[in-house]
Every structure is written in C-alpha cells, then in structure tokens.
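**Q** Coordinates in entry.txt, compact mmCIF, C-alpha atoms, are listed below.
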# COMPACT_ATOMS: atom_id res chain seq x y z
CA THR E 1 -1.46 -17.21 0.13
CA GLN E 2 1.03 -15.06 -1.72
CA LEU E 3 3.85 -13.60 0.33
CA LEU E 4 6.47 -11.00 -0.46
CA GLU E 5 9.57 -11.07 1.68
CA GLN E 6 11.46 -7.85 1.81
CA SER E 7 15.02 -7.47 3.07
CA PRO E 8 16.65 -5.97 4.90
CA GLN E 9 14.02 -4.78 7.36
CA PHE E 10 16.23 -1.92 8.56
CA LEU E 11 19.05 -0.10 6.80
CA SER E 12 21.14 2.68 8.33
CA ILE E 13 23.82 4.17 6.11
CA GLN E 14 25.89 7.29 5.59
CA GLU E 15 25.20 9.85 2.91
CA GLY E 16 26.89 8.90 -0.35
CA GLU E 17 26.72 5.14 0.15
CA ASN E 18 24.91 2.77 -2.20
CA LEU E 19 22.26 0.31 -1.09
CA THR E 20 20.00 -2.42 -2.42
CA VAL E 21 16.63 -3.57 -1.10
CA TYR E 22 15.31 -6.99 -2.13
CA CYS E 23 11.79 -8.27 -2.57
CA ASN E 24 11.33 -12.03 -3.03
CA SER E 25 8.43 -14.41 -3.46
CA SER E 26 7.72 -17.98 -4.48
CA SER E 27 4.73 -16.67 -6.48
CA VAL E 28 4.62 -15.07 -9.90
CA PHE E 29 3.29 -11.54 -10.12
CA SER E 30 1.94 -9.79 -13.19
CA SER E 31 3.38 -6.52 -11.97
CA LEU E 32 5.40 -5.26 -9.06
CA GLN E 33 5.31 -1.80 -7.63
CA TRP E 34 7.65 0.08 -5.33
CA TYR E 35 6.36 2.69 -2.93
CA ARG E 36 7.91 5.11 -0.48
CA GLN E 37 6.03 6.09 2.67
CA GLU E 38 6.74 8.97 5.01
CA PRO E 39 5.49 9.00 8.63
CA GLY E 40 1.84 10.01 8.83
CA GLU E 41 1.31 9.72 5.08
CA GLY E 42 0.14 7.11 2.62
CA PRO E 43 2.53 5.26 0.32
CA VAL E 44 3.60 7.11 -2.82
CA LEU E 45 4.20 5.10 -5.99
CA LEU E 46 7.78 5.21 -7.28
CA VAL E 47 7.61 2.76 -10.16
CA THR E 48 5.69 -0.15 -11.69
CA VAL E 49 7.51 -2.99 -13.45
CA VAL E 50 5.55 -5.49 -15.52
CA THR E 51 7.96 -7.38 -17.77
CA GLY E 52 10.35 -10.08 -16.57
CA GLY E 53 13.91 -8.75 -16.66
CA GLU E 54 12.72 -5.15 -16.89
CA VAL E 55 14.97 -2.44 -15.52
CA LYS E 56 13.71 1.07 -14.81
CA LYS E 57 15.71 4.04 -13.64
CA LEU E 58 14.40 7.03 -11.73
CA LYS E 59 17.30 9.44 -11.16
CA ARG E 60 19.50 7.66 -8.57
CA LEU E 61 17.03 4.78 -8.12
CA THR E 62 17.22 1.62 -10.25
CA PHE E 63 14.44 -0.96 -10.14
CA GLN E 64 14.69 -4.46 -11.54
CA PHE E 65 12.05 -7.16 -12.03
CA GLY E 66 13.34 -10.72 -12.03
CA ASP E 67 13.17 -12.79 -15.20
CA ALA E 68 10.62 -15.14 -13.61
CA ARG E 69 8.60 -12.21 -12.19
CA LYS E 70 8.97 -13.54 -8.66
CA ASP E 71 11.48 -11.04 -7.30
CA SER E 72 12.56 -7.45 -7.59
CA SER E 73 15.23 -5.11 -6.31
CA LEU E 74 15.62 -1.43 -5.64
CA HIS E 75 19.12 0.03 -5.83
CA ILE E 76 19.90 3.55 -4.67
CA THR E 77 23.15 5.16 -5.71
CA ALA E 78 24.81 7.83 -3.58
CA ALA E 79 22.03 7.93 -0.98
CA GLN E 80 21.01 11.29 0.44
CA PRO E 81 19.27 12.16 3.73
CA GLY E 82 16.16 12.98 1.69
CA ASP E 83 15.95 9.30 0.72
CA THR E 84 15.11 8.41 4.33
CA GLY E 85 11.76 6.65 4.62
CA LEU E 86 9.89 3.36 4.47
CA TYR E 87 10.24 1.54 1.15
CA LEU E 88 7.57 -1.00 0.25
CA CYS E 89 7.32 -3.47 -2.59
CA ALA E 90 3.89 -4.66 -3.66
CA GLY E 91 2.89 -7.34 -6.12
CA GLU E 92 -0.24 -7.68 -8.20
CA SER E 93 -1.30 -11.09 -9.46
CA GLY E 94 -3.16 -9.91 -12.52
CA GLY E 95 -6.50 -10.96 -13.95
CA THR E 96 -9.22 -10.43 -11.37
CA SER E 97 -6.53 -9.31 -8.91
CA TYR E 98 -6.22 -5.93 -10.61
CA GLY E 99 -5.44 -3.34 -7.98
CA LYS E 100 -5.30 -5.85 -5.13
CA LEU E 101 -1.76 -5.57 -3.86
CA THR E 102 0.27 -7.90 -1.68
CA PHE E 103 2.82 -5.82 0.19
CA GLY E 104 6.16 -6.75 1.67
CA GLN E 105 6.78 -5.79 5.30
CA GLY E 106 8.88 -2.80 4.25
CA THR E 107 12.44 -1.57 4.62
CA ILE E 108 13.09 1.38 6.91
CA LEU E 109 15.97 3.35 5.39
CA THR E 110 17.85 5.99 7.37
CA VAL E 111 20.51 8.02 5.61
CA HIS E 112 22.76 9.98 7.97
CA PRO E 113 24.34 13.24 6.78
CA GLU Z 114 -6.84 17.16 -10.18
CA THR Z 115 -7.94 16.34 -6.63
CA GLY Z 116 -5.98 13.70 -4.74
CA VAL Z 117 -7.29 10.97 -2.47
CA THR Z 118 -8.64 12.29 0.82
CA GLN Z 119 -9.60 10.40 3.95
CA SER Z 120 -11.47 11.33 7.10
CA PRO Z 121 -11.09 11.47 9.96
CA THR Z 122 -7.32 11.77 10.39
CA HIS Z 123 -7.31 10.18 13.83
CA LEU Z 124 -9.91 8.27 15.80
CA ILE Z 125 -10.00 6.72 19.26
CA LYS Z 126 -12.60 4.07 20.04
CA THR Z 127 -13.14 1.50 22.75
CA ARG Z 128 -13.41 -2.24 22.31
CA GLY Z 129 -16.81 -3.36 21.05
CA GLN Z 130 -17.68 -0.07 19.38
CA GLN Z 131 -18.29 0.50 15.69
CA VAL Z 132 -16.42 2.87 13.39
CA THR Z 133 -16.89 4.34 9.91
CA LEU Z 134 -13.99 5.66 7.88
CA ARG Z 135 -14.40 7.67 4.69
CA CYS Z 136 -12.45 8.02 1.47
CA SER Z 137 -12.84 10.28 -1.55
CA SER Z 138 -11.17 8.89 -4.62
CA GLN Z 139 -8.99 10.82 -7.04
CA SER Z 140 -10.81 12.56 -9.85
CA GLY Z 141 -11.33 10.17 -12.79
CA HIS Z 142 -10.85 7.01 -10.72
CA ASN Z 143 -13.63 4.43 -10.32
CA THR Z 144 -12.07 1.84 -8.00
CA VAL Z 145 -11.28 2.08 -4.31
CA SER Z 146 -9.21 -0.41 -2.35
CA TRP Z 147 -8.83 -0.43 1.44
CA TYR Z 148 -5.75 -1.56 3.34
CA GLN Z 149 -4.87 -2.03 7.01
CA GLN Z 150 -1.33 -1.16 8.06
CA ALA Z 151 -0.28 -2.23 11.53
CA LEU Z 152 2.66 -0.45 13.11
CA GLY Z 153 5.94 -1.54 11.53
CA GLN Z 154 4.24 -3.65 8.86
CA GLY Z 155 3.33 -3.33 5.22
CA PRO Z 156 -0.32 -2.65 4.31
CA GLN Z 157 -2.69 -5.62 4.08
CA PHE Z 158 -5.48 -5.72 1.51
CA ILE Z 159 -8.95 -5.61 3.09
CA PHE Z 160 -11.26 -5.30 0.07
CA GLN Z 161 -11.87 -3.43 -3.16
CA TYR Z 162 -14.96 -1.68 -4.50
CA TYR Z 163 -15.77 -1.20 -8.16
CA ARG Z 164 -19.12 -0.11 -9.60
CA GLU Z 165 -20.51 0.11 -6.07
CA GLU Z 166 -19.92 -3.59 -5.39
CA GLU Z 167 -17.27 -5.50 -3.51
CA ASN Z 168 -14.75 -6.73 -6.05
CA GLY Z 169 -12.46 -8.97 -4.03
CA ARG Z 170 -11.64 -9.37 -0.37
CA GLY Z 171 -8.57 -10.19 1.65
CA ASN Z 172 -8.35 -12.29 4.78
CA PHE Z 173 -10.56 -10.11 6.99
CA PRO Z 174 -13.68 -11.15 8.93
CA PRO Z 175 -17.21 -10.06 7.94
CA ARG Z 176 -17.27 -7.38 10.64
CA PHE Z 177 -15.18 -5.40 8.15
CA SER Z 178 -17.60 -4.10 5.53
CA GLY Z 179 -17.73 -1.30 3.03
CA LEU Z 180 -19.69 0.76 0.60
CA GLN Z 181 -18.99 2.64 -2.58
CA PHE Z 182 -21.20 5.51 -3.69
CA PRO Z 183 -22.14 6.69 -7.21
CA ASN Z 184 -19.46 9.40 -7.00
CA TYR Z 185 -16.91 6.60 -6.32
CA SER Z 186 -16.24 7.68 -2.76
CA SER Z 187 -16.18 4.87 -0.24
CA GLU Z 188 -16.69 3.93 3.40
CA LEU Z 189 -15.07 1.28 5.53
CA ASN Z 190 -17.11 0.07 8.50
CA VAL Z 191 -15.75 -2.03 11.31
CA ASN Z 192 -18.11 -3.53 13.90
CA ALA Z 193 -17.29 -4.96 17.32
CA LEU Z 194 -13.87 -3.34 17.43
CA GLU Z 195 -11.01 -5.35 18.88
CA LEU Z 196 -7.69 -4.12 20.24
CA ASP Z 197 -5.88 -5.62 17.24
CA ASP Z 198 -7.88 -3.37 14.92
CA SER Z 199 -5.66 -0.50 15.98
CA ALA Z 200 -3.82 0.46 12.79
CA LEU Z 201 -3.49 2.96 9.97
CA TYR Z 202 -6.31 2.44 7.48
CA LEU Z 203 -5.42 3.43 3.94
CA CYS Z 204 -7.60 3.78 0.91
CA ALA Z 205 -6.24 3.78 -2.61
CA SER Z 206 -8.01 4.81 -5.77
CA SER Z 207 -7.34 3.61 -9.29
CA LEU Z 208 -8.94 3.34 -12.70
CA MET Z 209 -10.07 -0.20 -13.47
CA GLY Z 210 -8.33 -1.35 -16.65
CA GLY Z 211 -6.15 1.74 -16.68
CA PRO Z 212 -2.50 2.20 -15.75
CA ARG Z 213 -1.33 -0.20 -13.07
CA GLU Z 214 -0.97 2.41 -10.39
CA GLN Z 215 -2.84 3.27 -7.24
CA PHE Z 216 -2.91 6.54 -5.41
CA PHE Z 217 -3.11 6.33 -1.66
CA GLY Z 218 -4.70 8.71 0.77
CA PRO Z 219 -2.93 9.85 3.95
CA GLY Z 220 -4.79 7.28 6.03
CA THR Z 221 -6.88 7.25 9.18
CA ARG Z 222 -5.09 6.31 12.39
CA LEU Z 223 -7.50 4.20 14.49
CA THR Z 224 -6.71 3.45 18.11
CA VAL Z 225 -8.86 0.94 19.97
CA LEU Z 226 -8.63 1.05 23.76
Can you turn what I pasted into structure tokens?
**A**
Amino acid sequence: TQLLEQSPQFLSIQEGENLTVYCNSSSVFSSLQWYRQEPGEGPVLLVTVVTGGEVKKLKRLTFQFGDARKDSSLHITAAQPGDTGLYLCAGESGGTSYGKLTFGQGTILTVHP
Amino acid sequence: ETGVTQSPTHLIKTRGQQVTLRCSSQSGHNTVSWYQQALGQGPQFIFQYYREEENGRGNFPPRFSGLQFPNYSSELNVNALELDDSALYLCASSLMGGPREQFFGPGTRLTVL
C-alpha cells in the first residue's frame, strides 16, 4: 500500500511569513499533484510535477519534486490571508494507475492578517 | 466548458439504507474517479470508471459499486450504509491518456445516522 505522509498537519502563521509543506513517501510516483481545498468545495489542482528534481513556480508558490520522485514540497513566500485553506499532495503511480491518486492527509494552513 | 457537477449536495441516511450519488463529468472528459474524504483527512480512492467499466478499485468493500453512462456521467451506489460511511464523496473527471490532471466536483456530504 502506497502512503503519502504530509507535514505539518496544521500551520498557523502571520501574513508575510514564509512556509513549507512537505510530502514524503517510501514509494516512487510517476507524478505528484498539489491541490488546495476550501470548505464545502472539491480540491482544485495547483500544479503537477512529473520529472525528478523538477521545480515549478506559480506566483508566490514554489513546488519541487524530489530527485527520486518519492517526495515533494510546497513553499509559499510572503503568505497572505487568501492562502488560507487545506493543501493536499497526491501521487499517481503511473501505468494502469492513471488518474488513481493517493492523497496525503492534508495541511490546514491559516494565515492571520 | 461545463465543470464537474455532483448531486445531491447533502444527504442524510440511516444505517442499513442504500444511497446513490451522481456525477456529471467535465465536457470532453471520459474518465470518472470517485473518492471518499472523511472529516480532517485526505480523499481516499474508491474506484474509477472508463468506457463504462470499472478501471481500478481502492480498498473498499463490494457494497460500494458504480456505473458510468454513455455520456460519461457516473453514479456511486453504497448499500447497507454504516456510520463510518459518513463523509464527503468527491468525483473527479479526466481524459484518459491526456494531461495528468483531474477536475473535482464540489462533493456530496453524506451523513449516516
């Protein structure tokens, strides 16, 4: 059974601070996706990383896929209250596992003004 | 382009009853995956439907079943409801072989009393 461990589970910071969320596994994934989920809504895809060592930037968000494709991180620079939400990482094993995601347990981020 | 829709939004059932949840996939997508998200947890993969057949299943008992229709919409059926089935049920649509991204619906909140 593939597992994705996400840390920290909770993060409460002040506006303007930086933060990093980690997603780790003992399994190799063909791709890893990061989602953000608001209360009462479904997850919304932020980014997909597929190549070991890949780094993608989305405004103040930086996503990295580990060289061995077993871990990933999400770094937010100068967090804003609008960044508040549940952040989820999800891995896909590839091959016949297309579209079948293994999710981490999520990180609840609260950014205080 | 129409997004993923799910119905109903909320549902309350009693233990032992049966329930059917519905999902309409995004225009142009041919694959639907269903996930169960317990409170405070990441989503867990239930199963996926492609070409009207089950195309992979997670660790869920047979009382969880589904259908996909020629228009790619899908149903999730749960028989003999248990208290632990209370959760947010999410469907996600994607294009098999296409970009590695899934689009989630807003979910159906099921409460089993």
**Q** Would you tabulate, counting only C-alpha atoms, all residues of chain Z that have an atom at most 7 Å from an atom of chain E, showing the closest pair of atoms and their distance in Å to one decimal, sorted by chain then ascending number, as CSV?
**A**
residue,atom,partner,partner_atom,distance
Z:Gln154,CA,E:Gln105,CA,4.9
Z:Gly155,CA,E:Gln105,CA,4.2
Z:Pro156,CA,E:Phe103,CA,6.1
Z:Gln157,CA,E:Phe103,CA,6.7
Z:Phe158,CA,E:Leu101,CA,6.5
Z:Leu203,CA,E:Gly42,CA,6.8
Z:Phe217,CA,E:Gly42,CA,5.4
Z:Gly218,CA,E:Gly42,CA,5.4
Z:Pro219,CA,E:Gly42,CA,4.3
Z:Gly220,CA,E:Gly42,CA,6.0
**Q** Can you measure CA of Gly171 (chain Z) to CA of Leu109 (chain E) for me? One decimal in Å is fine.
**A**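 Separation between CA of Gly171 (chain Z) and CA of Leu109 (chain E): 28.3 Å.
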**Q** Set the distance at 8 Å and use only C-alpha atoms: which residues neighbour Gly53 (chain E) once local chain neighbours fewer than 4 positions away are removed? I'd like the list as a ChimeraX atom specification.
**A** /E:64-69
**Q** Can you work out which one of E:His75, E:Thr110, E:Leu61, E:Gly91 has the shortest atom-to-atom distance to Tyr22 (chain E), counting all atoms listed in the file?
**A**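 Between E:His75, E:Thr110, E:Leu61, E:Gly91, the residue approaching Tyr22 (chain E) most closely is E:His75.
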**Q** Here's a test: counting only C-alpha atoms, identify every protein, DNA and RNA residue with an atom at most 12 Å from (-17.3, -8.1, -5.0) in the file's coordinate frame, and state them as a VMD selection string.
**A** (chain E and resid 96 to 97) or (chain Z and resid 144 to 146 159 to 171 178 to 181)
**Q** Just C-alpha atoms for this one: save the residues we selected as a PDB file, in the frame of the given file.
**A**
ATOM      1  CA  THR E  96      -9.220 -10.430 -11.370  1.00  0.00           C
ATOM      2  CA  SER E  97      -6.530  -9.310  -8.910  1.00  0.00           C
TER       3      SER E  97
ATOM      4  CA  THR Z 144     -12.070   1.840  -8.000  1.00  0.00           C
ATOM      5  CA  VAL Z 145     -11.280   2.080  -4.310  1.00  0.00           C
ATOM      6  CA  SER Z 146      -9.210  -0.410  -2.350  1.00  0.00           C
ATOM      7  CA  ILE Z 159      -8.950  -5.610   3.090  1.00  0.00           C
ATOM      8  CA  PHE Z 160     -11.260  -5.300   0.070  1.00  0.00           C
ATOM      9  CA  GLN Z 161     -11.870  -3.430  -3.160  1.00  0.00           C
ATOM     10  CA  TYR Z 162     -14.960  -1.680  -4.500  1.00  0.00           C
ATOM     11  CA  TYR Z 163     -15.770  -1.200  -8.160  1.00  0.00           C
ATOM     12  CA  ARG Z 164     -19.120  -0.110  -9.600  1.00  0.00           C
ATOM     13  CA  GLU Z 165     -20.510   0.110  -6.070  1.00  0.00           C
ATOM     14  CA  GLU Z 166     -19.920  -3.590  -5.390  1.00  0.00           C
ATOM     15  CA  GLU Z 167     -17.270  -5.500  -3.510  1.00  0.00           C
ATOM     16  CA  ASN Z 168     -14.750  -6.730  -6.050  1.00  0.00           C
ATOM     17  CA  GLY Z 169     -12.460  -8.970  -4.030  1.00  0.00           C
ATOM     18  CA  ARG Z 170     -11.640  -9.370  -0.370  1.00  0.00           C
ATOM     19  CA  GLY Z 171      -8.570 -10.190   1.650  1.00  0.00           C
ATOM     20  CA  SER Z 178     -17.600  -4.100   5.530  1.00  0.00           C
ATOM     21  CA  GLY Z 179     -17.730  -1.300   3.030  1.00  0.00           C
ATOM     22  CA  LEU Z 180     -19.690   0.760   0.600  1.00  0.00           C
ATOM     23  CA  GLN Z 181     -18.990   2.640  -2.580  1.00  0.00           C
TER      24      GLN Z 181
END
**Q** Go through E:Val111, E:Leu19, E:Leu3, E:Leu58 and flag the residue nearest Asp71 (chain E), using all atoms listed in the file for the distances.
**A**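 Among the listed residues, the smallest separation from Asp71 (chain E) belongs to E:Leu3.
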**Q** Separation of CA of Lys70 (chain E) and CA of Glu54 (chain E), in Å?
**A**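 Interatomic distance here is 12.3 Å.
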**Q** Do you have the CA of Cys204 (chain Z)-CA of Gly129 (chain Z) distance handy?
**A**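 A separation of 23.3 Å between them.
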**Q** Counting all atoms listed in the file, what is within 8 Å of Val225 (chain Z), bar same-chain residues fewer than 3 positions away, as a list of chain:residue names?
**A** Z:Ile125, Z:Lys126, Z:Thr127, Z:Arg128, Z:Leu194, Z:Glu195, Z:Leu196, Z:Asp197, Z:Asp198, Z:Ser199
**Q** Please save C-alpha atoms of the selected residues as a tab-separated table (two decimals), in the frame of the given file.
**A**
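Written file, result_19.tsv:
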chain	number	residue	atom	x	y	z
Z	125	ILE	CA	-10.00	6.72	19.26
Z	126	LYS	CA	-12.60	4.07	20.04
Z	127	THR	CA	-13.14	1.50	22.75
Z	128	ARG	CA	-13.41	-2.24	22.31
Z	194	LEU	CA	-13.87	-3.34	17.43
Z	195	GLU	CA	-11.01	-5.35	18.88
Z	196	LEU	CA	-7.69	-4.12	20.24
Z	197	ASP	CA	-5.88	-5.62	17.24
Z	198	ASP	CA	-7.88	-3.37	14.92
Z	199	SER	CA	-5.66	-0.50	15.98
**Q** When you look at region 132-135 of chain Z with a cut-off of 6 Å (counting all atoms listed in the file), what residues show up, excluding the ones that are within fewer than 5 positions of it in the same chain? I need them as a PDB file with C-alpha atoms, in the coordinates of the input.
**A**
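Dumped everything to part_28.pdb:
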ATOM      1  CA  GLN Z 119      -9.600  10.400   3.950  1.00  0.00           C
ATOM      2  CA  SER Z 120     -11.470  11.330   7.100  1.00  0.00           C
ATOM      3  CA  SER Z 187     -16.180   4.870  -0.240  1.00  0.00           C
ATOM      4  CA  GLU Z 188     -16.690   3.930   3.400  1.00  0.00           C
ATOM      5  CA  LEU Z 189     -15.070   1.280   5.530  1.00  0.00           C
ATOM      6  CA  ASN Z 190     -17.110   0.070   8.500  1.00  0.00           C
ATOM      7  CA  VAL Z 191     -15.750  -2.030  11.310  1.00  0.00           C
TER       8      VAL Z 191
END
**Q** Reconstruct N, CA, C and O atoms of region 14-35 of chain E; output as a short mmCIF file (atom, residue, chain, number, x, y, z; two decimals), in the frame of the given file.
**A**
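So result.cif came out as:
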data_model
loop_
_atom_site.label_atom_id
_atom_site.label_comp_id
_atom_site.auth_asym_id
_atom_site.auth_seq_id
_atom_site.Cartn_x
_atom_site.Cartn_y
_atom_site.Cartn_z
N GLN E 14 25.41 5.92 5.67
CA GLN E 14 25.89 7.29 5.59
C GLN E 14 25.59 7.87 4.21
O GLN E 14 25.51 7.13 3.21
N GLU E 15 25.42 9.16 4.17
CA GLU E 15 25.20 9.85 2.91
C GLU E 15 26.32 9.49 1.92
O GLU E 15 27.50 9.43 2.30
N GLY E 16 25.92 9.23 0.67
CA GLY E 16 26.89 8.90 -0.35
C GLY E 16 27.06 7.41 -0.60
O GLY E 16 27.61 7.01 -1.64
N GLU E 17 26.61 6.59 0.33
CA GLU E 17 26.72 5.14 0.15
C GLU E 17 25.64 4.63 -0.82
O GLU E 17 24.62 5.28 -1.05
N ASN E 18 25.89 3.45 -1.35
CA ASN E 18 24.91 2.77 -2.20
C ASN E 18 24.20 1.71 -1.38
O ASN E 18 24.73 1.21 -0.38
N LEU E 19 23.00 1.34 -1.80
CA LEU E 19 22.26 0.31 -1.09
C LEU E 19 21.32 -0.42 -2.04
O LEU E 19 20.94 0.10 -3.09
N THR E 20 20.96 -1.64 -1.65
CA THR E 20 20.00 -2.42 -2.42
C THR E 20 18.98 -3.05 -1.47
O THR E 20 19.35 -3.59 -0.43
N VAL E 21 17.73 -2.94 -1.83
CA VAL E 21 16.63 -3.57 -1.10
C VAL E 21 16.06 -4.68 -1.99
O VAL E 21 15.89 -4.50 -3.20
N TYR E 22 15.78 -5.83 -1.37
CA TYR E 22 15.31 -6.99 -2.13
C TYR E 22 13.87 -7.34 -1.75
O TYR E 22 13.44 -7.18 -0.61
N CYS E 23 13.19 -7.87 -2.74
CA CYS E 23 11.79 -8.27 -2.57
C CYS E 23 11.64 -9.63 -3.26
O CYS E 23 11.83 -9.72 -4.47
N ASN E 24 11.35 -10.68 -2.48
CA ASN E 24 11.33 -12.03 -3.03
C ASN E 24 10.04 -12.76 -2.73
O ASN E 24 9.43 -12.57 -1.67
N SER E 25 9.64 -13.63 -3.65
CA SER E 25 8.43 -14.41 -3.46
C SER E 25 8.57 -15.74 -4.18
O SER E 25 9.37 -15.88 -5.10
N SER E 26 7.78 -16.71 -3.77
CA SER E 26 7.72 -17.98 -4.48
C SER E 26 6.61 -17.93 -5.54
O SER E 26 6.45 -18.86 -6.32
N SER E 27 5.85 -16.82 -5.55
CA SER E 27 4.73 -16.67 -6.48
C SER E 27 5.11 -15.74 -7.63
O SER E 27 5.97 -14.88 -7.49
N VAL E 28 4.43 -15.93 -8.73
CA VAL E 28 4.62 -15.07 -9.90
C VAL E 28 3.64 -13.91 -9.82
O VAL E 28 2.47 -14.08 -9.50
N PHE E 29 4.14 -12.73 -10.11
CA PHE E 29 3.29 -11.54 -10.12
C PHE E 29 3.23 -10.96 -11.53
O PHE E 29 4.20 -10.99 -12.27
N SER E 30 2.08 -10.42 -11.88
CA SER E 30 1.94 -9.79 -13.19
C SER E 30 2.59 -8.42 -13.21
O SER E 30 3.00 -7.94 -14.28
N SER E 31 2.67 -7.80 -12.06
CA SER E 31 3.38 -6.52 -11.97
C SER E 31 3.87 -6.36 -10.54
O SER E 31 3.35 -6.99 -9.61
N LEU E 32 4.86 -5.53 -10.38
CA LEU E 32 5.40 -5.26 -9.06
C LEU E 32 5.63 -3.76 -8.95
O LEU E 32 6.15 -3.14 -9.87
N GLN E 33 5.21 -3.22 -7.84
CA GLN E 33 5.31 -1.80 -7.63
C GLN E 33 6.18 -1.51 -6.41
O GLN E 33 6.21 -2.29 -5.46
N TRP E 34 6.87 -0.40 -6.46
CA TRP E 34 7.65 0.08 -5.33
C TRP E 34 7.07 1.41 -4.86
O TRP E 34 6.77 2.28 -5.67
N TYR E 35 6.90 1.49 -3.54
CA TYR E 35 6.36 2.69 -2.93
C TYR E 35 7.33 3.21 -1.87
O TYR E 35 8.12 2.46 -1.30
#
